[in-house]
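Peer 1: File name upload16.pdb; file contents PDB, C-alpha atoms; full text below.
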```pdb
ATOM      1  CA  MET A   1    -175.165 -95.124 -20.255
ATOM      2  CA  SER A   2    -178.333 -96.646 -18.828
ATOM      3  CA  ILE A   3    -178.319-100.285 -17.787
ATOM      4  CA  SER A   4    -181.559-102.025 -16.906
ATOM      5  CA  LYS A   5    -182.022-104.066 -13.738
ATOM      6  CA  ARG A   6    -182.570-107.177 -15.861
ATOM      7  CA  GLU A   7    -179.196-106.703 -17.496
ATOM      8  CA  LEU A   8    -177.466-106.105 -14.153
ATOM      9  CA  VAL A   9    -178.899-109.332 -12.754
ATOM     10  CA  PHE A  10    -178.007-111.206 -15.948
ATOM     11  CA  GLN A  11    -174.411-109.975 -15.896
ATOM     12  CA  PHE A  12    -173.953-110.490 -12.143
ATOM     13  CA  VAL A  13    -175.119-114.110 -12.198
ATOM     14  CA  LEU A  14    -172.877-114.960 -15.125
ATOM     15  CA  LEU A  15    -169.890-113.182 -13.551
ATOM     16  CA  VAL A  16    -170.299-115.212 -10.367
ATOM     17  CA  LEU A  17    -170.474-118.457 -12.324
ATOM     18  CA  VAL A  18    -167.368-117.622 -14.382
ATOM     19  CA  PHE A  19    -165.455-116.579 -11.256
ATOM     20  CA  LEU A  20    -166.259-119.894  -9.568
ATOM     21  CA  PHE A  21    -164.795-121.777 -12.526
ATOM     22  CA  TYR A  22    -161.846-119.377 -12.789
ATOM     23  CA  SER A  23    -160.911-119.623  -9.123
ATOM     24  CA  PHE A  24    -161.259-123.397  -8.846
ATOM     25  CA  ASP A  25    -157.928-124.994  -7.999
ATOM     26  CA  ARG A  26    -157.561-128.665  -7.089
ATOM     27  CA  GLU A  27    -154.164-128.219  -5.514
ATOM     28  CA  LYS A  28    -155.134-125.203  -3.397
ATOM     29  CA  PRO A  29    -158.906-125.322  -2.911
ATOM     30  CA  GLY A  30    -160.665-122.344  -1.418
ATOM     31  CA  PHE A  31    -160.945-118.607  -2.045
ATOM     32  CA  HIS A  32    -157.778-116.518  -2.575
ATOM     33  CA  ILE A  33    -157.757-112.742  -2.640
ATOM     34  CA  HIS A  34    -155.301-112.588  -5.549
ATOM     35  CA  GLN A  35    -157.826-114.483  -7.708
ATOM     36  CA  LEU A  36    -160.408-111.778  -7.095
ATOM     37  CA  ALA A  37    -157.876-109.054  -7.915
ATOM     38  CA  PHE A  38    -156.838-110.650 -11.208
ATOM     39  CA  PHE A  39    -160.436-111.437 -12.117
ATOM     40  CA  SER A  40    -161.438-107.819 -11.405
ATOM     41  CA  THR A  41    -159.047-106.611 -14.113
ATOM     42  CA  TYR A  42    -160.714-108.978 -16.576
ATOM     43  CA  VAL A  43    -164.151-107.696 -15.593
ATOM     44  CA  PHE A  44    -162.977-104.095 -16.019
ATOM     45  CA  ALA A  45    -161.519-104.879 -19.454
ATOM     46  CA  ALA A  46    -164.674-106.721 -20.515
ATOM     47  CA  ALA A  47    -166.794-103.759 -19.369
ATOM     48  CA  ILE A  48    -164.731-101.374 -21.520
ATOM     49  CA  ILE A  49    -165.037-103.698 -24.519
ATOM     50  CA  GLY A  50    -168.728-104.448 -24.045
ATOM     51  CA  TYR A  51    -170.076-101.058 -23.019
ATOM     52  CA  TRP A  52    -167.748 -98.697 -24.851
ATOM     53  CA  LEU A  53    -165.962-100.346 -27.773
ATOM     54  CA  MET A  54    -168.818-102.527 -29.059
ATOM     55  CA  PRO A  55    -171.441 -99.743 -29.366
ATOM     56  CA  ARG A  56    -168.989 -97.251 -30.850
ATOM     57  CA  PHE A  57    -167.063 -99.451 -33.257
ATOM     58  CA  LEU A  58    -168.217-103.075 -33.587
ATOM     59  CA  TYR A  59    -171.952-102.351 -34.035
ATOM     60  CA  LYS A  60    -171.080 -99.554 -36.457
ATOM     61  CA  ARG A  61    -168.930-102.013 -38.461
ATOM     62  CA  ASN A  62    -165.717-100.140 -37.781
ATOM     63  CA  TYR A  63    -163.872-103.416 -37.250
ATOM     64  CA  TRP A  64    -160.270-102.227 -37.530
ATOM     65  CA  LYS A  65    -160.612 -99.652 -34.762
ATOM     66  CA  PHE A  66    -162.546-102.109 -32.620
ATOM     67  CA  PHE A  67    -159.893-104.849 -32.736
ATOM     68  CA  ALA A  68    -157.065-102.321 -32.372
ATOM     69  CA  PHE A  69    -158.626-100.958 -29.181
ATOM     70  CA  VAL A  70    -159.380-104.475 -27.915
ATOM     71  CA  PHE A  71    -155.746-105.539 -28.257
ATOM     72  CA  GLY A  72    -154.765-102.285 -26.582
ATOM     73  CA  VAL A  73    -157.022-103.060 -23.626
ATOM     74  CA  ILE A  74    -155.654-106.606 -23.393
ATOM     75  CA  ALA A  75    -152.100-105.279 -23.470
ATOM     76  CA  ILE A  76    -152.913-102.932 -20.590
ATOM     77  CA  VAL A  77    -154.376-105.838 -18.602
ATOM     78  CA  ILE A  78    -151.221-107.937 -19.141
ATOM     79  CA  LEU A  79    -148.981-105.051 -18.114
ATOM     80  CA  LEU A  80    -151.140-104.396 -15.048
ATOM     81  CA  GLU A  81    -150.877-108.038 -14.046
ATOM     82  CA  GLU A  82    -147.111-108.306 -14.559
ATOM     83  CA  LEU A  83    -146.013-104.908 -13.247
ATOM     84  CA  VAL A  84    -148.488-104.380 -10.406
ATOM     85  CA  LEU A  85    -150.524-107.370  -9.249
ATOM     86  CA  GLU A  86    -147.732-109.940  -9.566
ATOM     87  CA  GLN A  87    -145.442-107.657  -7.566
ATOM     88  CA  ILE A  88    -148.054-107.154  -4.841
ATOM     89  CA  PHE A  89    -149.263-110.733  -4.345
ATOM     90  CA  PHE A  90    -146.137-112.697  -5.343
ATOM     91  CA  ALA A  91    -143.296-110.346  -4.319
ATOM     92  CA  GLY A  92    -139.899-112.055  -4.068
ATOM     93  CA  THR A  93    -141.042-115.178  -5.861
ATOM     94  CA  LYS A  94    -139.940-116.525  -9.218
ATOM     95  CA  ARG A  95    -143.410-115.750 -10.610
ATOM     96  CA  ALA A  96    -142.982-112.036  -9.875
ATOM     97  CA  LYS A  97    -139.468-111.840 -11.331
ATOM     98  CA  SER A  98    -140.063-113.661 -14.615
ATOM     99  CA  PHE A  99    -142.265-112.851 -17.597
ATOM    100  CA  PRO A 100    -143.775-115.949 -19.256
ATOM    101  CA  GLY A 101    -144.027-114.260 -22.636
ATOM    102  CA  VAL A 102    -146.764-112.612 -24.674
ATOM    103  CA  PHE A 103    -148.186-115.877 -26.010
ATOM    104  CA  PHE A 104    -148.644-117.511 -22.599
ATOM    105  CA  SER A 105    -149.978-114.261 -21.143
ATOM    106  CA  LEU A 106    -152.585-114.082 -23.906
ATOM    107  CA  LEU A 107    -153.577-117.694 -23.217
ATOM    108  CA  GLY A 108    -154.288-116.746 -19.625
ATOM    109  CA  VAL A 109    -156.066-113.444 -20.265
ATOM    110  CA  LEU A 110    -157.809-113.684 -23.638
ATOM    111  CA  PRO A 111    -160.243-116.588 -22.966
ATOM    112  CA  VAL A 112    -161.657-115.049 -19.796
ATOM    113  CA  ILE A 113    -162.044-111.573 -21.297
ATOM    114  CA  THR A 114    -163.616-113.064 -24.428
ATOM    115  CA  ILE A 115    -166.180-114.974 -22.349
ATOM    116  CA  LEU A 116    -167.018-111.943 -20.201
ATOM    117  CA  SER A 117    -167.332-109.663 -23.259
ATOM    118  CA  GLY A 118    -169.444-112.309 -24.938
ATOM    119  CA  PHE A 119    -172.040-111.928 -22.183
ATOM    120  CA  LYS A 120    -172.638-108.325 -23.196
ATOM    121  CA  PHE A 121    -172.716-109.246 -26.874
ATOM    122  CA  GLY A 122    -175.235-112.009 -26.132
ATOM    123  CA  TRP A 123    -177.426-109.655 -24.109
ATOM    124  CA  ASP A 124    -177.395-107.056 -26.886
ATOM    125  CA  ALA A 125    -178.303-109.748 -29.400
ATOM    126  CA  LEU A 126    -181.284-110.818 -27.272
ATOM    127  CA  GLN A 127    -182.440-107.215 -26.918
ATOM    128  CA  LYS A 128    -182.054-106.609 -30.636
ATOM    129  CA  GLN A 129    -184.122-109.718 -31.378
ATOM    130  CA  GLU A 130    -186.868-108.495 -29.053
ATOM    131  CA  GLN A 131    -186.860-105.140 -30.860
ATOM    132  CA  ILE A 132    -187.077-106.886 -34.232
ATOM    133  CA  GLU A 133    -190.004-109.018 -33.057
ATOM    134  CA  ALA A 134    -191.783-105.952 -31.671
ATOM    135  CA  LEU A 135    -191.187-104.096 -34.935
ATOM    136  CA  LYS A 136    -192.480-107.059 -36.943
ATOM    137  CA  SER A 137    -195.601-107.131 -34.785
ATOM    138  CA  THR A 138    -196.156-103.385 -35.269
ATOM    139  CA  VAL A 139    -195.662-103.606 -39.039
ATOM    140  CA  GLN A 140    -197.956-106.629 -39.245
ATOM    141  CA  GLU A 141    -200.671-104.888 -37.241
ATOM    142  CA  SER A 142    -200.390-101.780 -39.430
ATOM    143  CA  GLU A 143    -200.630-103.915 -42.556
ATOM    144  CA  LEU A 144    -203.680-105.728 -41.199
ATOM    145  CA  GLN A 145    -205.348-102.418 -40.364
ATOM    146  CA  PHE A 146    -204.674-101.239 -43.900
ATOM    147  CA  LEU A 147    -206.068-104.425 -45.438
ATOM    148  CA  ARG A 148    -209.182-104.269 -43.269
ATOM    149  CA  SER A 149    -209.682-100.606 -44.131
ATOM    150  CA  GLN A 150    -209.940-101.651 -47.790
ATOM    151  CA  ILE A 151    -212.832-104.016 -47.090
ATOM    152  CA  ASN A 152    -215.450-101.460 -46.059
ATOM    153  CA  PRO A 153    -215.141 -99.218 -49.148
ATOM    154  CA  HIS A 154    -214.922-102.323 -51.347
ATOM    155  CA  PHE A 155    -218.131-103.758 -49.903
ATOM    156  CA  LEU A 156    -219.883-100.393 -49.907
ATOM    157  CA  PHE A 157    -218.974 -99.644 -53.522
ATOM    158  CA  ASN A 158    -220.402-102.917 -54.833
ATOM    159  CA  ASN A 159    -223.655-102.726 -52.903
ATOM    160  CA  LEU A 160    -224.317 -99.032 -53.520
ATOM    161  CA  ASN A 161    -224.308 -99.803 -57.236
ATOM    162  CA  ASN A 162    -227.029-102.379 -56.681
ATOM    163  CA  LEU A 163    -228.962-100.024 -54.429
ATOM    164  CA  TYR A 164    -228.787 -97.323 -57.102
ATOM    165  CA  SER A 165    -230.267 -99.702 -59.691
ATOM    166  CA  TYR A 166    -233.180-100.645 -57.418
ATOM    167  CA  ALA A 167    -233.802 -96.986 -56.554
ATOM    168  CA  LEU A 168    -234.000 -96.047 -60.248
ATOM    169  CA  GLU A 169    -236.552 -98.796 -60.786
ATOM    170  CA  GLY A 170    -238.528 -97.706 -57.740
ATOM    171  CA  SER A 171    -238.285-101.246 -56.382
ATOM    172  CA  PRO A 172    -240.109-101.931 -53.080
ATOM    173  CA  LYS A 173    -237.011-103.905 -52.041
ATOM    174  CA  THR A 174    -234.954-100.713 -51.738
ATOM    175  CA  PRO A 175    -235.747-100.108 -48.025
ATOM    176  CA  GLU A 176    -234.890-103.736 -47.222
ATOM    177  CA  ILE A 177    -231.561-103.432 -49.023
ATOM    178  CA  ILE A 178    -230.760-100.215 -47.158
ATOM    179  CA  LEU A 179    -231.549-101.935 -43.848
ATOM    180  CA  GLU A 180    -229.335-104.934 -44.627
ATOM    181  CA  ILE A 181    -226.458-102.706 -45.777
ATOM    182  CA  SER A 182    -226.803-100.647 -42.616
ATOM    183  CA  GLY A 183    -226.609-103.748 -40.416
ATOM    184  CA  LEU A 184    -223.534-105.103 -42.160
ATOM    185  CA  LEU A 185    -221.760-101.749 -42.071
ATOM    186  CA  ARG A 186    -222.509-101.454 -38.360
ATOM    187  CA  TYR A 187    -220.849-104.823 -37.837
ATOM    188  CA  MET A 188    -217.850-103.890 -39.984
ATOM    189  CA  LEU A 189    -217.316-100.483 -38.417
ATOM    190  CA  TYR A 190    -218.035-101.138 -34.744
ATOM    191  CA  GLU A 191    -217.913-104.855 -34.001
ATOM    192  CA  CYS A 192    -214.873-105.807 -36.091
ATOM    193  CA  LYS A 193    -212.343-103.580 -34.372
ATOM    194  CA  GLU A 194    -210.843-106.567 -32.598
ATOM    195  CA  LYS A 195    -208.365-108.833 -34.323
ATOM    196  CA  PHE A 196    -210.698-111.799 -33.805
ATOM    197  CA  VAL A 197    -214.459-112.137 -33.248
ATOM    198  CA  PRO A 198    -216.615-115.067 -32.090
ATOM    199  CA  LEU A 199    -217.154-117.523 -34.917
ATOM    200  CA  GLN A 200    -220.917-117.587 -34.349
ATOM    201  CA  LYS A 201    -221.094-113.805 -34.704
ATOM    202  CA  GLU A 202    -219.224-113.942 -37.997
ATOM    203  CA  ILE A 203    -221.529-116.660 -39.327
ATOM    204  CA  GLU A 204    -224.573-114.511 -38.455
ATOM    205  CA  GLN A 205    -223.154-111.748 -40.626
ATOM    206  CA  LEU A 206    -222.559-114.221 -43.449
ATOM    207  CA  HIS A 207    -226.276-115.078 -43.236
ATOM    208  CA  ASN A 208    -227.122-111.377 -43.470
ATOM    209  CA  PHE A 209    -224.746-110.797 -46.358
ATOM    210  CA  ILE A 210    -226.133-113.741 -48.316
ATOM    211  CA  LYS A 211    -229.657-112.533 -47.650
ATOM    212  CA  LEU A 212    -228.686-109.133 -49.040
ATOM    213  CA  SER A 213    -226.905-110.613 -52.055
ATOM    214  CA  LYS A 214    -229.800-112.939 -52.887
ATOM    215  CA  LEU A 215    -231.927-109.863 -53.564
ATOM    216  CA  GLN A 216    -229.701-109.238 -56.585
ATOM    217  CA  ILE A 217    -230.414-112.697 -58.010
ATOM    218  CA  GLU A 218    -234.184-112.706 -57.378
ATOM    219  CA  ASN A 219    -235.632-115.676 -59.321
ATOM    220  CA  ARG A 220    -232.630-116.285 -61.553
ATOM    221  CA  GLY A 221    -231.113-119.139 -59.537
ATOM    222  CA  THR A 222    -230.576-120.763 -56.152
ATOM    223  CA  VAL A 223    -228.311-120.023 -53.237
ATOM    224  CA  LEU A 224    -227.566-122.679 -50.626
ATOM    225  CA  PHE A 225    -225.910-121.845 -47.296
ATOM    226  CA  ASP A 226    -225.336-124.812 -45.005
ATOM    227  CA  THR A 227    -223.529-124.958 -41.641
ATOM    228  CA  TYR A 228    -223.063-127.873 -39.268
ATOM    229  CA  ASP A 229    -220.863-128.973 -36.358
ATOM    230  CA  ILE A 230    -220.056-125.337 -35.607
ATOM    231  CA  GLU A 231    -218.678-124.760 -32.098
ATOM    232  CA  ASN A 232    -219.287-121.393 -30.466
ATOM    233  CA  ARG A 233    -216.159-121.474 -28.328
ATOM    234  CA  TYR A 234    -213.869-120.571 -31.242
ATOM    235  CA  LYS A 235    -212.935-117.221 -32.755
ATOM    236  CA  ILE A 236    -211.985-116.116 -36.257
ATOM    237  CA  ALA A 237    -210.555-113.075 -38.003
ATOM    238  CA  PRO A 238    -213.524-110.959 -39.129
ATOM    239  CA  LEU A 239    -214.465-110.480 -42.780
ATOM    240  CA  ILE A 240    -212.304-113.323 -44.067
ATOM    241  CA  LEU A 241    -215.015-115.578 -45.493
ATOM    242  CA  ILE A 242    -217.334-112.840 -46.720
ATOM    243  CA  VAL A 243    -214.893-111.924 -49.499
ATOM    244  CA  PHE A 244    -215.192-115.363 -51.107
ATOM    245  CA  ILE A 245    -218.986-115.280 -50.932
ATOM    246  CA  GLU A 246    -219.115-111.807 -52.435
ATOM    247  CA  ASN A 247    -216.775-112.995 -55.179
ATOM    248  CA  ALA A 248    -219.101-115.955 -55.898
ATOM    249  CA  PHE A 249    -222.078-113.658 -56.429
ATOM    250  CA  LYS A 250    -220.054-111.396 -58.724
ATOM    251  CA  HIS A 251    -218.785-114.381 -60.712
ATOM    252  CA  SER A 252    -222.246-115.800 -61.178
ATOM    253  CA  GLN A 253    -223.816-112.552 -62.316
ATOM    254  CA  ALA A 254    -220.949-111.356 -64.509
ATOM    255  CA  GLY A 255    -222.082-113.195 -67.624
ATOM    256  CA  GLN A 256    -225.326-115.050 -67.021
ATOM    257  CA  SER A 257    -228.887-113.991 -66.374
ATOM    258  CA  GLU A 258    -230.385-117.296 -65.199
ATOM    259  CA  ASN A 259    -229.590-120.742 -63.732
ATOM    260  CA  ILE A 260    -227.301-119.163 -61.162
ATOM    261  CA  LYS A 261    -226.171-121.691 -58.572
ATOM    262  CA  ILE A 262    -224.141-120.772 -55.499
ATOM    263  CA  ASP A 263    -223.307-123.265 -52.736
ATOM    264  CA  VAL A 264    -221.696-122.244 -49.452
ATOM    265  CA  MET A 265    -220.856-124.784 -46.751
ATOM    266  CA  LEU A 266    -219.257-124.390 -43.345
ATOM    267  CA  HIS A 267    -218.369-127.077 -40.844
ATOM    268  CA  MET A 268    -215.793-127.823 -38.176
ATOM    269  CA  LYS A 269    -213.667-130.837 -37.430
ATOM    270  CA  ASN A 270    -211.782-130.585 -34.147
ATOM    271  CA  ASN A 271    -210.384-127.024 -34.144
ATOM    272  CA  THR A 272    -210.330-126.626 -37.933
ATOM    273  CA  LEU A 273    -212.982-124.701 -39.816
ATOM    274  CA  HIS A 274    -213.697-126.008 -43.307
ATOM    275  CA  PHE A 275    -215.207-123.542 -45.767
ATOM    276  CA  ASN A 276    -216.382-124.409 -49.258
ATOM    277  CA  CYS A 277    -217.870-121.929 -51.700
ATOM    278  CA  SER A 278    -218.681-122.769 -55.311
ATOM    279  CA  ASN A 279    -220.589-121.084 -58.126
ATOM    280  CA  ASN A 280    -221.232-121.531 -61.818
ATOM    281  CA  TYR A 281    -220.305-118.827 -64.308
ATOM    282  CA  GLU A 282    -220.181-117.881 -67.971
ATOM    283  CA  ALA A 283    -216.800-116.778 -69.255
ATOM    284  CA  THR A 284    -216.921-113.111 -70.307
ATOM    285  CA  GLU A 285    -214.558-110.170 -70.487
ATOM    286  CA  SER A 286    -216.127-108.700 -67.353
ATOM    287  CA  LEU A 287    -215.232-111.840 -65.438
ATOM    288  CA  SER A 288    -211.515-111.112 -65.794
ATOM    289  CA  LYS A 289    -212.134-107.775 -64.089
ATOM    290  CA  VAL A 290    -213.806-109.599 -61.217
ATOM    291  CA  ASN A 291    -210.733-111.806 -60.801
ATOM    292  CA  ALA A 292    -208.477-108.738 -60.840
ATOM    293  CA  GLY A 293    -210.278-107.052 -57.924
ATOM    294  CA  ILE A 294    -208.647-106.308 -54.595
ATOM    295  CA  GLY A 295    -210.875-108.677 -52.639
ATOM    296  CA  LEU A 296    -209.102-112.009 -53.224
ATOM    297  CA  LYS A 297    -205.602-110.546 -52.986
ATOM    298  CA  ASN A 298    -206.622-108.813 -49.790
ATOM    299  CA  VAL A 299    -207.961-111.928 -48.093
ATOM    300  CA  GLN A 300    -204.992-114.058 -49.194
ATOM    301  CA  LYS A 301    -202.621-111.531 -47.635
ATOM    302  CA  ARG A 302    -204.659-111.432 -44.416
ATOM    303  CA  LEU A 303    -204.624-115.210 -44.185
ATOM    304  CA  GLN A 304    -200.835-115.233 -44.538
ATOM    305  CA  LEU A 305    -200.482-112.660 -41.767
ATOM    306  CA  LEU A 306    -203.073-114.035 -39.351
ATOM    307  CA  TYR A 307    -202.793-117.774 -39.937
ATOM    308  CA  PRO A 308    -199.237-118.550 -41.063
ATOM    309  CA  ASN A 309    -198.866-122.321 -41.519
ATOM    310  CA  ARG A 310    -202.368-122.718 -40.095
ATOM    311  CA  HIS A 311    -204.493-122.478 -43.217
ATOM    312  CA  HIS A 312    -204.851-124.049 -46.623
ATOM    313  CA  LEU A 313    -206.522-122.219 -49.496
ATOM    314  CA  GLU A 314    -207.375-123.878 -52.789
ATOM    315  CA  ILE A 315    -209.090-122.091 -55.696
ATOM    316  CA  LYS A 316    -210.161-124.103 -58.761
ATOM    317  CA  GLU A 317    -211.947-123.340 -62.032
ATOM    318  CA  HIS A 318    -213.343-126.312 -63.949
ATOM    319  CA  ASN A 319    -216.257-126.830 -66.338
ATOM    320  CA  LYS A 320    -217.522-123.290 -65.836
ATOM    321  CA  ARG A 321    -217.549-123.767 -62.087
ATOM    322  CA  TYR A 322    -215.489-121.718 -59.647
ATOM    323  CA  GLU A 323    -214.699-123.309 -56.292
ATOM    324  CA  VAL A 324    -212.921-122.109 -53.154
ATOM    325  CA  LYS A 325    -211.838-124.489 -50.419
ATOM    326  CA  LEU A 326    -210.396-123.046 -47.240
ATOM    327  CA  SER A 327    -209.408-124.757 -44.021
ATOM    328  CA  VAL A 328    -208.285-122.680 -41.028
ATOM    329  CA  GLU A 329    -207.072-123.766 -37.612
ATOM    330  CA  LEU A 330    -208.967-121.614 -35.116
ATOM    331  CA  SER A 331    -208.143-120.627 -31.548
ATOM    332  CA  LYS A 332    -210.528-120.860 -28.647
ATOM    333  CA  ILE A 333    -212.137-117.805 -27.102
ATOM    334  CA  SER A 334    -210.330-116.880 -23.908
ATOM    335  CA  SER A 335    -212.365-117.593 -20.782
ATOM    336  CA  SER A 336    -211.045-114.502 -19.020
TER
END
```
Would it be possible to restate this file's structure as structure tokens?

Peer 2:
Amino acid sequence: MSISKRELVFQFVLLVLVFLFYSFDREKPGFHIHQLAFFSTYVFAAAIIGYWLMPRFLYKRNYWKFFAFVFGVIAIVILLEELVLEQIFFAGTKRAKSFPGVFFSLLGVLPVITILSGFKFGWDALQKQEQIEALKSTVQESELQFLRSQINPHFLFNNLNNLYSYALEGSPKTPEIILEISGLLRYMLYECKEKFVPLQKEIEQLHNFIKLSKLQIENRGTVLFDTYDIENRYKIAPLILIVFIENAFKHSQAGQSENIKIDVMLHMKNNTLHFNCSNNYEATESLSKVNAGIGLKNVQKRLQLLYPNRHHLEIKEHNKRYEVKLSVELSKISSS
């Protein structure tokens, strides 16, 4: 059985503290060798319970065997005290010749052994909690990687359809669209590998994405993108905001051919980023398919994982206008 150095130190310190309390005697102050001998039997019993019985029976929920063995160990300790240690250290005295009874013997032995065994149980509980936290972190990271892996194909699928339409028409804008798609994919594939990116870098890509998406609207409406009070010292999870903007363009174009109006606004107050994206739309059957896409579900899940209790998302539809309001508490970029 392997025992780490941390556990040895933990157990040793607690054993010393318990022994100091156990050996304290107002009538006969000072250290007595018989106290160490009796206490050693308790330590030995606690070691058997903590390092042998708990892993084999208690943690495997075999409670009957566990408690049966525990009472067996305690019985052995009581017999060892009465038949051996009492005779060695108190030979010829009334204490050595008389047996106080099982109940009083248990009162003397059981509390100390329970406390000492509890140290091992507490240590195992702490280690198990650390393992659970590490497992949660691993699962969360895997889930985030999966969610982010969905973004690239999702983005690529939507924009390749647009590129195909322009190519069929022989539009002179086709090379420009290819260039913008290439730049955004480069950012998604190579610069978004980290969990967080500088806020300013993310906003630059939002500019590029909106520039690309505006090519689809041409002269059929207006797109406003406004930022103010943005601080460069903060970082944000990549590709969070772009999903809402992409959704706004899809909403607007799903059922109308003109008077498209999309407004995107970003600003900061203290450490909180406030994002507002709104667009008009015409209710059509195709719009329900837009709402059923993976984009919004994806970003909502990412927000829950990355910013638990640190974000507020509100989505409203009113008078043929779709609006997203998001506030996120951001962390500062590390200076190291």

Peer 1: Show which residues sit within 6 Å of A:Cys277, as a list in words. Count all atoms listed in the file, and ignore same-chain residues fewer than 4 positions away.

Peer 2: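 That gives Asp263, Val264, Glu323 and Val324 of chain A.
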
Peer 1: Report as a list of chain:residue names the residues that result from applying the PyMOL selection byres ((chain A and resi 115-124) around 8) to the structure here.

Peer 2: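 This file, filtered by the PyMOL selection byres ((chain A and resi 115-124) around 8), leaves A:Glu7, A:Gln11, A:Leu14, A:Leu15, A:Tyr42, A:Val43, A:Ala46, A:Ala47, A:Ile49, A:Gly50, A:Tyr51, A:Pro111, A:Val112, A:Ile113, A:Thr114, A:Ala125, A:Leu126, A:Gln127, A:Lys128.
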
Peer 1: What is the distance, in Å and to one decimal place, between atom CA of A:Asn319 and atom CA of A:Glu282?

Peer 2: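 Separation between atom CA of A:Asn319 and atom CA of A:Glu282: 9.9 Å.
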
Peer 1: Report as a PyMOL selection string the residues that result from applying the PyMOL selection byres ((chain A and resi 329) around 10) to the structure here.

Peer 2: chain A and resi 234+236+268-274+307+309-312+327-328+330-331

Peer 1: Quick one: write out the picked residues with C-alpha atoms as an mmCIF file, keeping the file's coordinate frame?

Peer 2:
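As a result, out36.cif now contains:
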```cif
data_model
loop_
_atom_site.group_PDB
_atom_site.id
_atom_site.type_symbol
_atom_site.label_atom_id
_atom_site.label_comp_id
_atom_site.auth_asym_id
_atom_site.auth_seq_id
_atom_site.Cartn_x
_atom_site.Cartn_y
_atom_site.Cartn_z
ATOM 1 C CA TYR A 234 -213.869 -120.571 -31.242
ATOM 2 C CA ILE A 236 -211.985 -116.116 -36.257
ATOM 3 C CA MET A 268 -215.793 -127.823 -38.176
ATOM 4 C CA LYS A 269 -213.667 -130.837 -37.430
ATOM 5 C CA ASN A 270 -211.782 -130.585 -34.147
ATOM 6 C CA ASN A 271 -210.384 -127.024 -34.144
ATOM 7 C CA THR A 272 -210.330 -126.626 -37.933
ATOM 8 C CA LEU A 273 -212.982 -124.701 -39.816
ATOM 9 C CA HIS A 274 -213.697 -126.008 -43.307
ATOM 10 C CA TYR A 307 -202.793 -117.774 -39.937
ATOM 11 C CA ASN A 309 -198.866 -122.321 -41.519
ATOM 12 C CA ARG A 310 -202.368 -122.718 -40.095
ATOM 13 C CA HIS A 311 -204.493 -122.478 -43.217
ATOM 14 C CA HIS A 312 -204.851 -124.049 -46.623
ATOM 15 C CA SER A 327 -209.408 -124.757 -44.021
ATOM 16 C CA VAL A 328 -208.285 -122.680 -41.028
ATOM 17 C CA LEU A 330 -208.967 -121.614 -35.116
ATOM 18 C CA SER A 331 -208.143 -120.627 -31.548
#
```

Peer 1: Where does the PyMOL selection byres ((chain A and resi 162) around 10) land in this file, that is, which residues does it pick, as a PyMOL selection string?

Peer 2: chain A and resi 157-161+163-167+174+177+213+215-216

Peer 1: Extract, using all atoms listed in the file, all DNA, RNA and protein residues at most 7 Å from stretch 237-245 of chain A, discarding same-chain residues fewer than 2 positions from it, and format them as a PDB file with C-alpha atoms, in the frame of the given file.

Peer 2:
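File written: part_16.pdb
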```
ATOM      1  CA  CYS A 192    -214.873-105.807 -36.091  1.00  0.00           C
ATOM      2  CA  LYS A 195    -208.365-108.833 -34.323  1.00  0.00           C
ATOM      3  CA  PHE A 196    -210.698-111.799 -33.805  1.00  0.00           C
ATOM      4  CA  VAL A 197    -214.459-112.137 -33.248  1.00  0.00           C
ATOM      5  CA  GLU A 202    -219.224-113.942 -37.997  1.00  0.00           C
ATOM      6  CA  LEU A 206    -222.559-114.221 -43.449  1.00  0.00           C
ATOM      7  CA  ASN A 247    -216.775-112.995 -55.179  1.00  0.00           C
ATOM      8  CA  ALA A 248    -219.101-115.955 -55.898  1.00  0.00           C
ATOM      9  CA  PHE A 249    -222.078-113.658 -56.429  1.00  0.00           C
ATOM     10  CA  CYS A 277    -217.870-121.929 -51.700  1.00  0.00           C
ATOM     11  CA  GLY A 295    -210.875-108.677 -52.639  1.00  0.00           C
ATOM     12  CA  LEU A 296    -209.102-112.009 -53.224  1.00  0.00           C
ATOM     13  CA  VAL A 299    -207.961-111.928 -48.093  1.00  0.00           C
TER      14      VAL A 299
END
```

Peer 1: Which residues are close to stretch 73-89 of chain A, i.e. within 10 Å by only C-alpha atoms, leaving aside same-chain residues fewer than 2 positions away? Reply as number ranges by chain.

Peer 2: A: 33-35, 37-38, 41-42, 44-46, 48-49, 67-71, 91-93, 95-100, 102, 105-106, 108-110, 113

Peer 1: Neighbourhood query: residues within 8 Å of (-222.9, -121.8, -59.0), file coordinates, counting all atoms listed in the file; return as a ChimeraX atom specification.

Peer 2: /A:248,252,260-263,278-281,321-322

Peer 1: Would you mind exporting the chosen residues as a PDB file, in the coordinates of the input, restricted to C-alpha atoms?

Peer 2:
```
ATOM      1  CA  ALA A 248    -219.101-115.955 -55.898  1.00  0.00           C
ATOM      2  CA  SER A 252    -222.246-115.800 -61.178  1.00  0.00           C
ATOM      3  CA  ILE A 260    -227.301-119.163 -61.162  1.00  0.00           C
ATOM      4  CA  LYS A 261    -226.171-121.691 -58.572  1.00  0.00           C
ATOM      5  CA  ILE A 262    -224.141-120.772 -55.499  1.00  0.00           C
ATOM      6  CA  ASP A 263    -223.307-123.265 -52.736  1.00  0.00           C
ATOM      7  CA  SER A 278    -218.681-122.769 -55.311  1.00  0.00           C
ATOM      8  CA  ASN A 279    -220.589-121.084 -58.126  1.00  0.00           C
ATOM      9  CA  ASN A 280    -221.232-121.531 -61.818  1.00  0.00           C
ATOM     10  CA  TYR A 281    -220.305-118.827 -64.308  1.00  0.00           C
ATOM     11  CA  ARG A 321    -217.549-123.767 -62.087  1.00  0.00           C
ATOM     12  CA  TYR A 322    -215.489-121.718 -59.647  1.00  0.00           C
TER      13      TYR A 322
END
```
